[in-house]
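Participant: Take a look at the following structure, please.
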Amino acid sequence: MKNFLYSTAILVLFACSGPTETGRNNTKESDEQRITPYQISFEKFTQKEEGCQGEDCTKVDIQIVSLNAGDSAVCAKVNQSVISEYHEMVRSRLSESINSNSVEVLAGKFLEGYEMFKAEFPEDPSTWYLEISAEESSLLGDSVYCVNLSVEDYLGGAHGNRGNTLLTYSLTNGKLLDLHKMYAKAIKPIAEKKFRTKYEIAEGSSLNEAGFIFPEGSFVLPENIGYSQTGITLIYNPYEVAPYAMGSTVIDISFEEIESIEN
């Protein structure tokens, strides 16, 4: 029997009718009654240390992605969820806890943290930065919104940090989809096979002896799972299952591969 989750995904991803009330697709609508297709837009926010000229300055660069048109209630719900993720990304890089939900205030606190660092270590020539990009975000039809937040920072030390956060929203109701719950059972064996092939680790051989840090040596799916145009994308961020030097690991699984698994 074909995997049921594959069929569900096709319905979610490629139903082009967009978010409507229950039963509305069974009625005829005039062009004026149809909801405008969803769109995404980007806004750039930059804030840098006061008095610094040129490019070599401590700064915060954030590309904010927003969902527009379509159902206004869905847009508001989704955008609130996404901006909260931005806030948490900045907040987690502050030296002290702050409850503000303003990007400007949080960025200012990041810069204040650098000023405190420079006051304590005036001879240190390094500058800090925090960059968040959302350019890989996309819409799949009028049914799914895939947000890909790529973050990179440097706050002193031997090297900076980088990673991705994948968020997938249903445009029927604006809810965040739990792709782990939907696909974990189906994609785990495929993902492990692809992971072992990528790093040339024979089946049955220890992953951790090959240089990885899987809990108890057992393969696990990454925290970040999202849709792509052709299937599912998995991203292991640095430190998640491997040392920083190995960087990120990206695994793509097509819906055809998921469909081929028999229950």
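Residues are referred to by chain and number: the chain letter is A, B, ... according to the order shown in the structure tokens, the number counts from 1 in that chain, and ligands are numbered separately from 1 in the order shown.
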Which residues come within 7 Å of Gln63 (chain A), counting only C-alpha atoms, excluding same-chain residues fewer than 6 positions away, as a list of chain:residue names?

Facilitator: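 With the cut-off at 7 Å, the set is A:Phe42, A:Glu43, A:Lys44, A:Phe45, A:Ile132, A:Ser133, A:Ala134.
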
Participant: Within 7 Å of region 228-236 of chain A, counting only C-alpha atoms, which residues show up once you throw out same-chain ones fewer than 3 positions away? Write them as a count of residues only, please.

Facilitator: 13

Participant: Considering only C-alpha atoms, state which residue in the set A:Arg91, A:Lys118, A:Lys175, A:Lys59 is at the smallest distance from Val78 (chain A).

Facilitator: A:Lys175

Participant: Considering only C-alpha atoms, return as a ChimeraX atom specification whatever protein or nucleic-acid residues lie within 8 Å of Ser170 (chain A), sequence-local ones (same chain, fewer than 6 positions apart) excluded.

Facilitator: /A:12,143-145,176-177

Participant: Run DSSP on the backbone of this structure and report the residues of region 26-228 of chain A it assigns to helix (DSSP H, G or I), as a ChimeraX atom specification.

Facilitator: /A:26,72-91,103-120,179-198,208-210,215-217

Participant: Looking only at the backbone, which of the residues in region 17-197 of chain A does DSSP tag as strand (DSSP E or B), as a ChimeraX atom specification?

Facilitator: /A:38-48,59-69,129-133,138-140,144-154,161-170,176

Participant: Using only C-alpha atoms, I'd like a table of the residues in region 150-249 of chain A that come within 12 Å of region 122-125 of chain A; for each, show the closest atom pair and its distance in Å rounded to one decimal, ordered by chain and ascending number, as a Markdown table.

Facilitator:
```
| residue | atom | partner | partner_atom | distance |
| --- | --- | --- | --- | --- |
| A:Leu155 | CA | A:Asp124 | CA | 12.0 |
| A:Gly156 | CA | A:Asp124 | CA | 9.2 |
| A:Gly157 | CA | A:Asp124 | CA | 10.7 |
```
